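One file, run03.txt, carrying compact mmCIF, C-alpha atoms:
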```txt
# COMPACT_ATOMS: atom_id res chain seq x y z
CA MET A 27 0.00 0.00 0.00
CA THR A 28 1.48 3.37 -1.00
CA ASN A 29 1.70 6.40 1.29
CA GLU A 30 -0.99 8.09 -0.79
CA GLN A 31 -3.37 5.15 -0.35
CA GLN A 32 -2.68 5.05 3.38
CA ALA A 33 -3.35 8.78 3.60
CA ASP A 34 -6.64 8.31 1.73
CA GLN A 35 -7.66 5.49 4.03
CA ALA A 36 -6.72 7.50 7.15
CA ARG A 37 -8.56 10.53 5.81
CA THR A 38 -11.63 8.43 5.31
CA ILE A 39 -11.40 7.16 8.87
CA ALA A 40 -10.94 10.72 10.20
CA GLN A 41 -13.90 11.96 8.24
CA TRP A 42 -16.07 9.02 9.23
CA VAL A 43 -15.28 9.55 12.90
CA VAL A 44 -16.45 13.18 12.59
CA ILE A 45 -19.53 12.22 10.58
CA GLY A 46 -20.37 9.41 13.02
CA GLY A 47 -20.05 11.72 16.01
CA SER A 48 -22.21 14.36 14.32
CA LEU A 49 -24.95 11.87 13.42
CA LEU A 50 -24.86 10.51 16.96
CA VAL A 51 -25.49 13.98 18.44
CA LEU A 52 -28.23 14.76 15.91
CA LEU A 53 -30.03 11.45 16.37
CA GLY A 54 -29.57 11.53 20.16
CA MET A 55 -31.13 14.97 20.44
CA THR A 56 -33.97 14.16 18.04
CA GLY A 57 -34.58 10.92 19.90
CA PHE A 58 -34.74 12.72 23.22
CA LEU A 59 -37.31 15.22 21.90
CA VAL A 60 -39.47 12.44 20.43
CA VAL A 61 -39.34 10.28 23.57
CA ASP A 62 -39.89 13.29 25.83
CA TYR A 63 -42.91 14.38 23.78
CA PHE A 64 -44.61 10.98 24.01
CA VAL A 65 -43.44 9.88 27.46
CA ALA A 66 -43.63 13.15 29.40
CA GLY A 67 -46.97 13.93 30.98
CA HIS A 68 -49.18 16.84 30.06
CA GLU A 69 -50.25 17.80 33.58
CA PRO A 70 -51.23 21.47 33.97
CA PRO A 71 -48.71 23.69 35.77
CA ARG A 72 -48.67 23.45 39.58
CA VAL A 73 -46.78 26.33 41.17
CA PHE A 74 -45.70 25.90 44.77
CA VAL A 75 -44.42 28.66 47.02
CA LYS A 76 -42.38 27.73 50.07
CA PRO A 77 -40.75 30.23 52.47
CA LEU A 78 -37.50 28.69 53.75
CA GLN A 79 -37.83 29.84 57.34
CA ALA A 80 -34.82 27.82 58.48
CA GLU A 81 -32.60 30.02 56.29
CA VAL A 82 -33.60 33.44 57.68
CA LYS A 83 -30.62 35.78 58.06
CA LYS A 84 -30.50 39.01 60.02
CA GLY A 85 -28.91 41.99 58.24
CA ASP A 86 -28.73 45.77 58.47
CA GLU A 87 -31.95 46.23 56.49
CA GLY A 88 -33.95 43.57 58.34
CA TYR A 89 -34.44 39.83 58.02
CA SER A 90 -33.85 38.17 54.65
CA ILE A 91 -35.70 34.97 53.80
CA PRO A 92 -35.45 32.86 50.63
CA ILE A 93 -38.78 32.08 49.00
CA GLN A 94 -38.69 28.93 46.92
CA VAL A 95 -41.01 28.83 43.91
CA SER A 96 -41.29 25.60 41.95
CA ASN A 97 -43.33 24.30 39.04
CA ARG A 98 -44.25 20.65 39.55
CA GLY A 99 -46.52 20.38 36.54
CA ASP A 100 -45.48 19.36 33.03
CA LEU A 101 -46.00 22.68 31.28
CA ILE A 102 -44.10 25.95 31.46
CA VAL A 103 -45.69 29.09 32.95
CA GLU A 104 -45.00 32.76 32.21
CA ASN A 105 -45.22 35.93 34.29
CA VAL A 106 -45.46 34.15 37.63
CA TRP A 107 -46.56 36.80 40.11
CA VAL A 108 -46.17 35.92 43.79
CA GLN A 109 -47.35 37.88 46.82
CA VAL A 110 -46.15 36.78 50.26
CA SER A 111 -47.42 38.16 53.56
CA THR A 112 -46.57 37.40 57.15
CA THR A 113 -49.43 36.90 59.56
CA VAL A 114 -48.71 38.27 63.00
CA SER A 115 -51.54 38.60 65.46
CA LYS A 116 -50.55 41.89 67.12
CA SER A 117 -48.89 43.96 64.43
CA GLU A 118 -49.67 44.86 60.81
CA PRO A 119 -48.77 42.04 58.37
CA GLU A 120 -45.82 42.69 56.11
CA VAL A 121 -46.46 42.13 52.41
CA ALA A 122 -43.93 41.57 49.60
CA GLN A 123 -44.40 40.65 45.97
CA PHE A 124 -42.24 39.68 43.03
CA GLU A 125 -42.50 38.38 39.49
CA ILE A 126 -40.65 35.61 37.66
CA ASP A 127 -40.55 35.84 33.84
CA PHE A 128 -40.59 32.11 33.12
CA LEU A 129 -40.81 28.96 35.20
CA PRO A 130 -40.28 25.78 33.13
CA ALA A 131 -41.67 22.43 34.26
CA GLY A 132 -39.52 20.94 37.00
CA LYS A 133 -37.66 24.19 37.66
CA THR A 134 -37.23 25.76 41.12
CA VAL A 135 -36.12 29.34 41.71
CA ARG A 136 -35.27 31.22 44.90
CA GLN A 137 -36.22 34.82 45.54
CA ILE A 138 -34.92 36.71 48.56
CA ILE A 139 -37.33 38.97 50.49
CA ILE A 140 -36.35 41.27 53.33
CA PHE A 141 -38.84 41.77 56.17
CA ARG A 142 -38.58 44.25 59.01
CA GLU A 143 -39.74 41.68 61.58
CA ASP A 144 -38.18 38.24 62.08
CA PRO A 145 -40.14 35.92 59.74
CA SER A 146 -38.68 32.67 61.07
CA LYS A 147 -41.55 31.91 63.42
CA VAL A 148 -44.56 33.56 61.80
CA THR A 149 -47.24 32.10 59.56
CA PHE A 150 -47.01 32.92 55.86
CA LYS A 151 -49.81 33.47 53.39
CA HIS A 152 -49.22 33.72 49.66
CA LEU A 153 -51.02 34.42 46.41
CA VAL A 154 -49.85 33.22 43.00
CA SER A 155 -50.90 34.12 39.50
CA TYR A 156 -49.35 33.05 36.20
CA ARG A 157 -49.99 32.83 32.50
CA THR A 158 -49.80 29.68 30.38
CA PRO A 159 -48.20 30.20 26.94
CA MET B 30 12.05 18.91 4.06
CA THR B 31 10.02 18.11 0.95
CA SER B 32 6.52 19.42 0.31
CA GLU B 33 5.19 15.85 0.67
CA GLN B 34 6.57 15.68 4.22
CA CYS B 35 5.05 19.11 5.04
CA LYS B 36 1.60 18.04 3.84
CA PRO B 37 -0.77 17.91 6.83
CA GLY B 38 -2.18 14.51 7.79
CA PRO B 39 -5.88 13.61 7.58
CA TRP B 40 -6.54 14.21 11.29
CA SER B 41 -4.72 17.53 11.09
CA ARG B 42 -6.83 18.54 8.09
CA GLU B 43 -10.02 17.60 9.96
CA LEU B 44 -8.88 19.62 12.96
CA ASP B 45 -8.10 22.65 10.76
CA HIS B 46 -11.51 22.31 9.16
CA LEU B 47 -13.16 22.03 12.57
CA LEU B 48 -11.40 25.16 13.85
CA ARG B 49 -12.41 27.06 10.73
CA SER B 50 -16.02 25.96 11.14
CA ILE B 51 -16.09 27.00 14.81
CA SER B 52 -14.61 30.40 13.98
CA SER B 53 -17.11 31.05 11.22
CA ALA B 54 -19.99 29.79 13.40
CA PHE B 55 -19.18 32.40 16.05
CA LEU B 56 -18.91 35.14 13.42
CA PHE B 57 -22.42 34.40 12.15
CA GLY B 58 -24.12 33.54 15.43
CA VAL B 59 -22.83 35.93 18.06
CA ALA B 60 -25.33 38.73 17.37
CA LEU B 61 -28.36 36.47 17.92
CA LEU B 62 -27.07 35.54 21.38
CA TYR B 63 -27.92 39.04 22.57
CA THR B 64 -31.65 38.83 21.87
CA MET B 65 -33.64 38.03 24.99
CA GLU B 66 -36.83 37.14 23.12
CA VAL B 67 -34.94 34.20 21.60
CA TRP B 68 -33.92 32.93 25.08
CA TRP B 69 -37.54 33.10 26.19
CA LEU B 70 -38.87 31.45 23.05
CA GLY B 71 -36.46 28.60 23.65
CA MET B 72 -38.34 27.79 26.86
CA THR B 73 -41.89 28.12 25.57
CA VAL B 74 -41.68 26.95 21.97
CA GLU B 75 -43.65 23.86 20.98
CA TYR B 76 -41.82 20.67 20.03
CA TRP B 77 -42.97 20.71 16.40
CA LYS B 78 -41.36 24.13 16.00
CA LEU B 79 -38.12 22.80 17.49
CA PHE B 80 -38.14 20.01 14.91
CA LEU B 81 -38.77 22.62 12.23
CA PHE B 82 -35.75 24.59 13.44
CA LEU B 83 -33.66 21.44 13.35
CA LEU B 84 -34.81 20.59 9.83
CA VAL B 85 -34.25 24.16 8.62
CA ALA B 86 -30.77 24.28 10.14
CA VAL B 87 -29.71 21.08 8.35
CA GLY B 88 -31.88 21.67 5.26
CA VAL B 89 -30.64 25.19 4.48
CA ASN B 90 -27.06 24.01 4.59
CA PHE B 91 -27.86 21.02 2.41
CA PHE B 92 -29.68 23.05 -0.24
CA VAL B 93 -27.09 25.82 -0.25
CA GLY B 94 -24.30 23.25 -0.58
CA HIS B 95 -26.02 21.00 -3.12
CA PHE B 96 -27.67 23.47 -5.45
CA SER B 97 -25.48 26.56 -5.28
CA GLY B 98 -22.18 24.72 -5.33
CA LEU B 99 -20.93 26.66 -2.31
CA SER B 100 -19.68 23.45 -0.71
CA GLN B 101 -16.43 21.72 -1.56
CA GLU B 102 -18.19 18.39 -1.06
CA LYS B 103 -19.43 16.45 -4.09
CA GLY B 104 -22.47 14.20 -4.11
CA CYS B 105 -25.70 14.25 -2.12
CA TRP B 106 -24.53 12.19 0.83
CA SER B 107 -21.27 14.11 1.22
CA VAL B 108 -23.13 17.42 1.27
CA PHE B 109 -25.70 15.97 3.69
CA PHE B 110 -23.00 14.72 6.07
CA ARG B 111 -21.27 18.09 5.86
CA ALA B 112 -24.61 19.79 6.64
CA VAL B 113 -25.12 17.55 9.68
CA GLN B 114 -21.55 18.16 10.84
CA SER B 115 -22.07 21.94 10.53
CA PHE B 116 -25.34 21.67 12.42
CA VAL B 117 -23.62 19.89 15.31
CA ILE B 118 -20.74 22.39 15.35
CA GLY B 119 -23.32 25.19 15.44
CA LEU B 120 -25.27 23.42 18.16
CA VAL B 121 -22.23 22.90 20.39
CA SER B 122 -20.97 26.46 19.79
CA ALA B 123 -24.37 27.94 20.69
CA PHE B 124 -24.61 25.68 23.77
CA VAL B 125 -21.17 26.75 25.02
CA CYS B 126 -22.07 30.43 24.56
CA LEU B 127 -25.37 30.03 26.41
CA VAL B 128 -23.68 28.22 29.30
CA VAL B 129 -20.93 30.83 29.56
CA LEU B 130 -23.48 33.67 29.41
CA ASN B 131 -25.47 31.91 32.17
CA ARG B 132 -28.54 31.49 29.95
CA ILE B 133 -28.30 27.75 30.54
CA THR B 134 -27.60 26.33 33.96
CA PHE B 135 -27.23 22.74 35.05
CA GLU B 136 -30.51 23.01 36.98
CA ASP B 137 -32.49 23.70 33.81
CA PRO B 138 -34.71 20.91 32.45
CA VAL B 139 -33.14 19.14 29.44
CA ALA B 140 -36.02 20.12 27.12
CA SER B 141 -35.49 23.78 28.02
CA VAL B 142 -31.74 23.49 27.36
CA ILE B 143 -32.38 21.90 23.94
CA GLY B 144 -35.04 24.52 23.16
CA LYS B 145 -32.78 27.48 23.94
CA THR B 146 -29.88 25.98 21.99
CA LEU B 147 -31.97 25.08 18.95
CA MET B 148 -33.37 28.62 18.78
CA MET B 149 -29.79 29.85 18.30
CA VAL B 150 -28.53 27.11 16.03
CA ILE B 151 -29.47 28.32 12.54
CA PRO B 152 -26.99 31.23 12.15
CA PHE B 153 -24.27 29.24 13.96
CA SER B 154 -24.68 26.22 11.68
CA ILE B 155 -24.88 28.33 8.51
CA GLY B 156 -21.66 30.02 9.63
CA ALA B 157 -20.01 26.65 10.21
CA PHE B 158 -21.16 25.38 6.80
CA LEU B 159 -19.89 28.44 4.93
CA SER B 160 -16.54 28.45 6.72
CA ASP B 161 -14.67 27.19 3.65
CA ILE B 162 -15.80 30.30 1.81
CA VAL B 163 -16.06 32.96 4.51
CA ILE B 164 -12.76 32.50 6.35
CA PRO B 165 -10.51 32.26 3.26
CA PHE B 166 -12.41 35.22 1.73
CA LEU B 167 -11.86 37.37 4.82
CA GLY B 168 -8.28 36.23 5.19
CA LYS B 169 -7.27 36.51 1.53
CA ARG B 170 -5.58 39.89 1.83
CA THR B 171 -4.07 38.96 5.16
CA GLU B 172 -2.26 35.99 3.65
CA GLU B 173 -1.04 38.06 0.74
CA GLU B 174 0.27 40.81 3.00
CA GLU B 175 2.34 38.38 5.08
CA ALA B 176 4.71 38.20 2.13
CA ASP B 177 5.95 41.73 2.94
CA PRO B 178 8.56 41.41 5.72
CA ASP B 179 9.55 45.10 5.55
CA ALA B 180 6.17 46.45 6.68
CA HIS B 181 6.59 49.01 9.47
CA PRO B 182 5.56 47.49 12.84
CA TRP B 183 3.58 50.53 13.98
CA LYS B 184 1.77 50.69 10.68
CA GLU B 185 0.68 47.09 11.17
CA THR B 186 -0.32 47.70 14.77
CA LEU B 187 -2.30 50.83 13.91
CA ALA B 188 -3.98 48.93 11.09
CA ASP B 189 -4.91 46.19 13.59
CA ILE B 190 -6.38 48.73 16.02
CA GLY B 191 -8.37 50.40 13.23
CA ALA B 192 -9.64 47.06 11.97
CA THR B 193 -10.60 45.93 15.47
CA ILE B 194 -12.55 49.14 16.03
CA ALA B 195 -14.25 48.97 12.62
CA GLY B 196 -15.25 45.31 12.99
CA GLY B 197 -16.20 45.80 16.63
CA ILE B 198 -18.46 48.74 15.84
CA PHE B 199 -20.08 46.79 13.02
CA ILE B 200 -21.15 43.99 15.38
CA GLY B 201 -21.36 45.92 18.66
CA LEU B 202 -23.26 49.04 17.62
CA PRO B 203 -26.68 47.35 17.28
CA ILE B 204 -26.16 45.44 20.57
CA ALA B 205 -24.80 48.21 22.81
CA PRO B 206 -28.04 50.24 23.26
CA THR B 207 -30.16 47.17 24.09
CA GLU B 208 -31.34 46.00 27.49
CA GLU B 209 -29.79 42.57 26.95
CA VAL B 210 -26.28 43.72 27.87
CA SER B 211 -27.22 44.87 31.37
CA LYS B 212 -29.58 41.90 31.84
CA LEU B 213 -26.79 39.46 30.99
CA ALA B 214 -24.24 41.38 33.07
CA VAL B 215 -26.48 41.34 36.14
CA GLU B 216 -26.80 37.57 36.00
CA LEU B 217 -23.15 36.77 35.23
CA GLY B 218 -21.35 35.13 38.12
CA PHE B 219 -17.63 35.37 38.78
CA TRP B 220 -16.90 32.07 36.99
CA ASN B 221 -19.10 33.08 34.06
CA GLU B 222 -17.09 36.27 33.67
CA LEU B 223 -13.80 34.38 33.75
CA ALA B 224 -15.15 31.84 31.25
CA LEU B 225 -16.42 34.64 28.99
CA ILE B 226 -13.01 36.31 28.97
CA GLY B 227 -11.37 32.96 28.18
CA LEU B 228 -13.90 32.14 25.44
CA THR B 229 -13.48 35.59 23.86
CA LEU B 230 -9.69 35.25 23.74
CA LEU B 231 -9.91 31.69 22.41
CA VAL B 232 -12.42 32.47 19.66
CA THR B 233 -10.64 35.62 18.49
CA TYR B 234 -7.34 33.73 18.42
CA LEU B 235 -8.98 30.95 16.39
CA ILE B 236 -10.49 33.41 13.91
CA VAL B 237 -7.29 35.32 13.22
CA PHE B 238 -4.53 32.75 13.67
CA ALA B 239 -5.65 29.15 14.02
CA CYS B 240 -7.51 29.25 10.70
CA PHE B 241 -4.27 30.15 8.97
CA PRO B 242 -1.57 27.85 10.38
CA ASN B 243 1.03 29.22 7.93
CA ARG B 244 0.38 32.75 9.13
CA GLU B 245 0.71 31.64 12.76
CA GLU B 246 4.06 30.01 12.05
CA SER B 247 5.41 33.00 10.11
CA LEU B 248 4.33 35.42 12.84
CA ASP B 249 5.84 33.38 15.61
CA ARG B 250 9.39 34.15 14.61
CA GLN B 251 11.50 36.22 16.95
CA SER B 252 12.01 38.85 14.23
CA ILE B 253 8.31 39.75 14.30
CA PRO B 254 7.54 42.88 16.37
CA PHE B 255 6.26 42.19 19.86
CA LEU B 256 2.74 43.57 19.25
CA GLN B 257 2.35 41.42 16.14
CA ARG B 258 2.94 38.09 17.88
CA PRO B 259 -0.25 35.99 17.93
CA MET B 260 -0.77 35.83 21.70
CA VAL B 261 0.17 39.47 22.24
CA GLU B 262 -1.94 40.70 19.33
CA THR B 263 -4.93 38.71 20.60
CA GLY B 264 -4.62 40.17 24.09
CA PHE B 265 -3.94 43.68 22.83
CA SER B 266 -6.94 43.60 20.48
CA TYR B 267 -9.12 42.31 23.30
CA THR B 268 -8.11 45.33 25.38
CA VAL B 269 -9.05 47.60 22.46
CA SER B 270 -12.41 45.77 22.23
CA LEU B 271 -13.09 46.28 25.94
CA LEU B 272 -12.32 49.99 25.66
CA LEU B 273 -14.61 50.21 22.65
CA ALA B 274 -17.34 48.42 24.62
CA LEU B 275 -16.94 50.94 27.45
CA ALA B 276 -17.14 53.84 24.99
CA LEU B 277 -20.27 52.47 23.30
CA LEU B 278 -22.00 51.83 26.64
CA PHE B 279 -21.17 55.36 27.73
CA PHE B 280 -22.29 56.83 24.39
CA PHE B 281 -25.66 55.06 24.55
CA ASP B 282 -26.26 56.08 28.20
CA GLN B 283 -26.09 52.50 29.40
CA ILE B 284 -23.68 53.56 32.15
CA GLU B 285 -24.89 55.98 34.81
CA SER B 286 -22.46 58.24 36.66
CA ASP B 287 -23.23 56.54 39.98
CA GLU B 288 -22.98 53.00 38.56
CA PRO B 289 -20.75 50.71 40.65
CA VAL B 290 -17.42 50.02 38.95
CA ARG B 291 -17.89 46.27 39.42
CA PHE B 292 -21.12 46.31 37.41
CA ILE B 293 -19.62 48.50 34.70
CA LEU B 294 -16.85 45.93 34.37
CA SER B 295 -19.42 43.13 33.97
CA GLU B 296 -21.22 45.08 31.27
CA VAL B 297 -17.96 45.80 29.46
CA ILE B 298 -16.94 42.12 29.53
CA THR B 299 -20.41 41.13 28.29
CA LEU B 300 -20.41 43.57 25.37
CA GLY B 301 -16.70 42.93 24.76
CA PHE B 302 -17.48 39.40 23.54
CA PRO B 303 -19.34 40.29 20.30
CA ILE B 304 -17.15 43.36 19.77
CA ALA B 305 -13.95 41.30 20.00
CA ILE B 306 -15.34 38.76 17.53
CA GLY B 307 -16.28 41.56 15.12
CA GLY B 308 -12.84 43.05 15.67
CA ALA B 309 -11.16 39.73 14.89
CA ALA B 310 -13.09 39.52 11.62
CA GLY B 311 -11.99 43.08 10.90
CA ARG B 312 -8.33 42.24 11.53
CA LEU B 313 -8.65 39.25 9.26
CA ALA B 314 -10.13 41.35 6.48
CA VAL B 315 -7.98 44.49 6.60
```
As a first step, turn the structure in this file into structure tokens.
Amino acid sequence: MTNEQQADQARTIAQWVVIGGSLLVLLGMTGFLVVDYFVAGHEPPRVFVKPLQAEVKKGDEGYSIPIQVSNRGDLIVENVWVQVSTTVSKSEPEVAQFEIDFLPAGKTVRQIIIFREDPSKVTFKHLVSYRTP
Amino acid sequence: MTSEQCKPGPWSRELDHLLRSISSAFLFGVALLYTMEVWWLGMTVEYWKLFLFLLVAVGVNFFVGHFSGLSQEKGCWSVFFRAVQSFVIGLVSAFVCLVVLNRITFEDPVASVIGKTLMMVIPFSIGAFLSDIVIPFLGKRTEEEEADPDAHPWKETLADIGATIAGGIFIGLPIAPTEEVSKLAVELGFWNELALIGLTLLVTYLIVFACFPNREESLDRQSIPFLQRPMVETGFSYTVSLLLALALLFFFDQIESDEPVRFILSEVITLGFPIAIGGAAGRLAV
């Protein structure tokens, strides 16, 4: 076998490795989309709001608390608007609100809110609204 | 050493081709990265539209290559394989950009990751497919000019600065006044910023030097002026790009007088990415 023939054969192998890898990625991604479309459920969005009272931190401005918002449905939601209020028997409740642009299915985000009073031992109430695309 | 011995091997040729494709993919795709509506669509778009994007990305390349003769490949299957290869290069390039820009995180659902990446893939894959035409076309004069060893070093350096500014303005001007720059900068973490700086330097180096191995070798000699050496020129041009990004942000009132310096730096690094890529294309062309 001449050097030229060996080079041709090696070139073919090099090209086929690249082509094989490319086809593998393309087919793998297409396969995932197909399987996900048929296997994944079509449950409506279920948005859960959970104040993480164990993670309250005291700072100069007040008490910061992470609010965990998660979508446990199978469909994405847009413009998720959340209002959180603390319920304290003696004083005025503190109210905070925020908006999340998009919350895909299975995604959880954390939003930090700062209250004047310590929110670690109070009862929370919340309201949620969102739009389905 | 004979010319036969100097001839690059098949793996080396594939690597050169891959580097060219990546460079061209970034040239074509970088502007679309700075469009927030595309990030959002990637999360909400229906599956059939994603398949359409996939088909268009491969199909456009195939038709352009097969019917216009813009591909070096001959035969249907060869053009098709080249189209698929370009699609995957575009897909990976777009994915890397989105990860570095913190548009994709490892907590995101896989379908959302695929959606965001596929929304970006068309210009990246077209760029990768046309690399055999675009990069040599841009670099034609550059290769010819390397034959002149007596060129004045400052003339070359000033030409590089001018080309970086011209190319950077061409790509950066439409992006600088938009909200996307500050939105991206706000959400960039420390590691994202470091990765973005690294990616910018790597891609600009690839565009100007790695696509022309002969040029890289000729410029690496000790006789070449310091500012013209590949690594130095890449770093120097990046600095020019960052200064240009700062100037554009200031010009378009995207920087307030009381803005924290740390945030200004994030914005400059964010806008510096497309500007540096435009600047690299400019240096290649001038």
With the cut-off set at 9 Å and counting all atoms listed in the file, tabulate each residue of chain B with an atom at most that distance from an atom of chain A, showing the nearest atom pair and its distance in Å to one decimal, ordered by chain and increasing number, as a Markdown table.
```
| residue | atom | partner | partner_atom | distance |
| --- | --- | --- | --- | --- |
| B:Gly38 | CA | A:Ala33 | CA | 7.2 |
| B:Pro39 | CA | A:Arg37 | CA | 4.4 |
| B:Trp40 | CA | A:Ala40 | CA | 5.7 |
| B:Arg42 | CA | A:Arg37 | CA | 8.5 |
| B:Glu43 | CA | A:Ala40 | CA | 6.9 |
| B:Trp69 | CA | A:Phe128 | CA | 7.6 |
| B:Met72 | CA | A:Pro130 | CA | 6.9 |
| B:Thr73 | CA | A:Ile102 | CA | 6.7 |
| B:Val74 | CA | A:Pro159 | CA | 8.8 |
| B:Tyr76 | CA | A:Leu59 | CA | 7.3 |
| B:Leu79 | CA | A:Leu59 | CA | 8.8 |
| B:Phe80 | CA | A:Thr56 | CA | 7.8 |
| B:Leu83 | CA | A:Thr56 | CA | 8.7 |
| B:Phe110 | CA | A:Ile45 | CA | 6.2 |
| B:Arg111 | CA | A:Ile45 | CA | 7.7 |
| B:Val113 | CA | A:Ser48 | CA | 6.3 |
| B:Gln114 | CA | A:Ser48 | CA | 5.2 |
| B:Ser115 | CA | A:Ser48 | CA | 8.5 |
| B:Phe116 | CA | A:Ser48 | CA | 8.2 |
| B:Val117 | CA | A:Ser48 | CA | 5.8 |
| B:Ile118 | CA | A:Ser48 | CA | 8.2 |
| B:Glu136 | CA | A:Lys133 | CA | 7.3 |
| B:Asp137 | CA | A:Lys133 | CA | 6.5 |
| B:Pro138 | CA | A:Gly132 | CA | 6.6 |
| B:Ala140 | CA | A:Leu59 | CA | 7.3 |
| B:Ser141 | CA | A:Pro130 | CA | 7.3 |
| B:Ile143 | CA | A:Met55 | CA | 7.9 |
```
Expressed in Å, the length from CA of Val315 in chain B to CA of Ser52 in chain B is 17.2 Å
>> Calculated over only C-alpha atoms, which of the candidates A:Asp100, A:Glu143, A:Glu125, A:Glu69 has the smallest distance to Gly88 in chain A?
In response: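 Going through A:Asp100, A:Glu143, A:Glu125, A:Glu69 one by one, the smallest distance to Gly88 in chain A is for A:Glu143.
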Need the shell around Val82 in chain A: protein/DNA/RNA residues with any atom at most 10 Å away, counting all atoms listed in the file. Skip same-chain ones fewer than 2 positions apart. Format as a PDB file with C-alpha atoms, keeping the file's coordinate frame?
```
ATOM      1  CA  PRO A  77     -40.750  30.230  52.470  1.00  0.00           C
ATOM      2  CA  LEU A  78     -37.500  28.690  53.750  1.00  0.00           C
ATOM      3  CA  GLN A  79     -37.830  29.840  57.340  1.00  0.00           C
ATOM      4  CA  ALA A  80     -34.820  27.820  58.480  1.00  0.00           C
ATOM      5  CA  LYS A  84     -30.500  39.010  60.020  1.00  0.00           C
ATOM      6  CA  GLY A  85     -28.910  41.990  58.240  1.00  0.00           C
ATOM      7  CA  TYR A  89     -34.440  39.830  58.020  1.00  0.00           C
ATOM      8  CA  SER A  90     -33.850  38.170  54.650  1.00  0.00           C
ATOM      9  CA  ILE A  91     -35.700  34.970  53.800  1.00  0.00           C
ATOM     10  CA  PRO A  92     -35.450  32.860  50.630  1.00  0.00           C
ATOM     11  CA  ILE A 138     -34.920  36.710  48.560  1.00  0.00           C
ATOM     12  CA  ILE A 139     -37.330  38.970  50.490  1.00  0.00           C
ATOM     13  CA  ILE A 140     -36.350  41.270  53.330  1.00  0.00           C
ATOM     14  CA  PHE A 141     -38.840  41.770  56.170  1.00  0.00           C
ATOM     15  CA  ASP A 144     -38.180  38.240  62.080  1.00  0.00           C
ATOM     16  CA  PRO A 145     -40.140  35.920  59.740  1.00  0.00           C
ATOM     17  CA  SER A 146     -38.680  32.670  61.070  1.00  0.00           C
ATOM     18  CA  LYS A 147     -41.550  31.910  63.420  1.00  0.00           C
TER      19      LYS A 147
END
```
Please, what distance in Å, to one decimal, runs between CA of Val128 in chain B and CA of Gly144 in chain B?
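Rounded to one decimal, the two atoms are 13.4 Å apart.
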**Prompt:** Which distance in Å separates CA of Leu271 in chain B and CA of Thr299 in chain B, to one decimal?
**Reply:**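 It comes out at 9.3 Å.
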Review point. Could you name the residues that touch Ala112 in chain B at 12 Å or less, counting all atoms listed in the file, but leaving out those on the same chain fewer than 6 positions away, as number ranges by chain?
Key: A: 45, 48-49, 52; B: 50, 83-95, 99-102, 105-106, 118-119, 151, 153-160
Original post:
Within 8 Å of range 227-235 of chain B, counting all atoms listed in the file, which residues qualify if same-chain residues fewer than 5 places away don't, as an NGL selection string?
Top reply: :B and (48-49 or 52 or 55 or 240 or 259-260 or 263-264 or 267 or 302 or 305-306 or 309)
_So that I can see what lies close to range 123-127 of chain B, please list as a list in words the residues with an atom at most 10 Å from it, counting all atoms listed in the file and leaving out residues fewer than 5 positions away in the same chain._
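Contacts, in chain order: Ala54, Phe55, Gly58, Val59, Leu61, Leu62, Trp68, Val117, Ile118, Arg132, Ile133, Thr134, Val142, Ile143, Lys145, Thr146, Leu147, Met148, Met149, Val150, Ile151, Pro152, Phe153, Ser154, Ala224, Leu225 and Leu228 of chain B.
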Selected residue of minimal separation from Ser155 in chain A among A:Val75, A:Leu53, A:Trp107, A:Arg136, counting all atoms listed in the file
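The answer is A:Trp107, which sits nearest to Ser155 in chain A.
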Extending 6 Å beyond the listed atoms of range 74-83 of chain A on each side, what axis-aligned box results? I want centre and edge lengths in Å to one decimal, as AutoDock Vina command-line options.
```
--center_x -38.2 --center_y 30.8 --center_z 51.6 --size_x 27.1 --size_y 21.9 --size_z 25.7
```
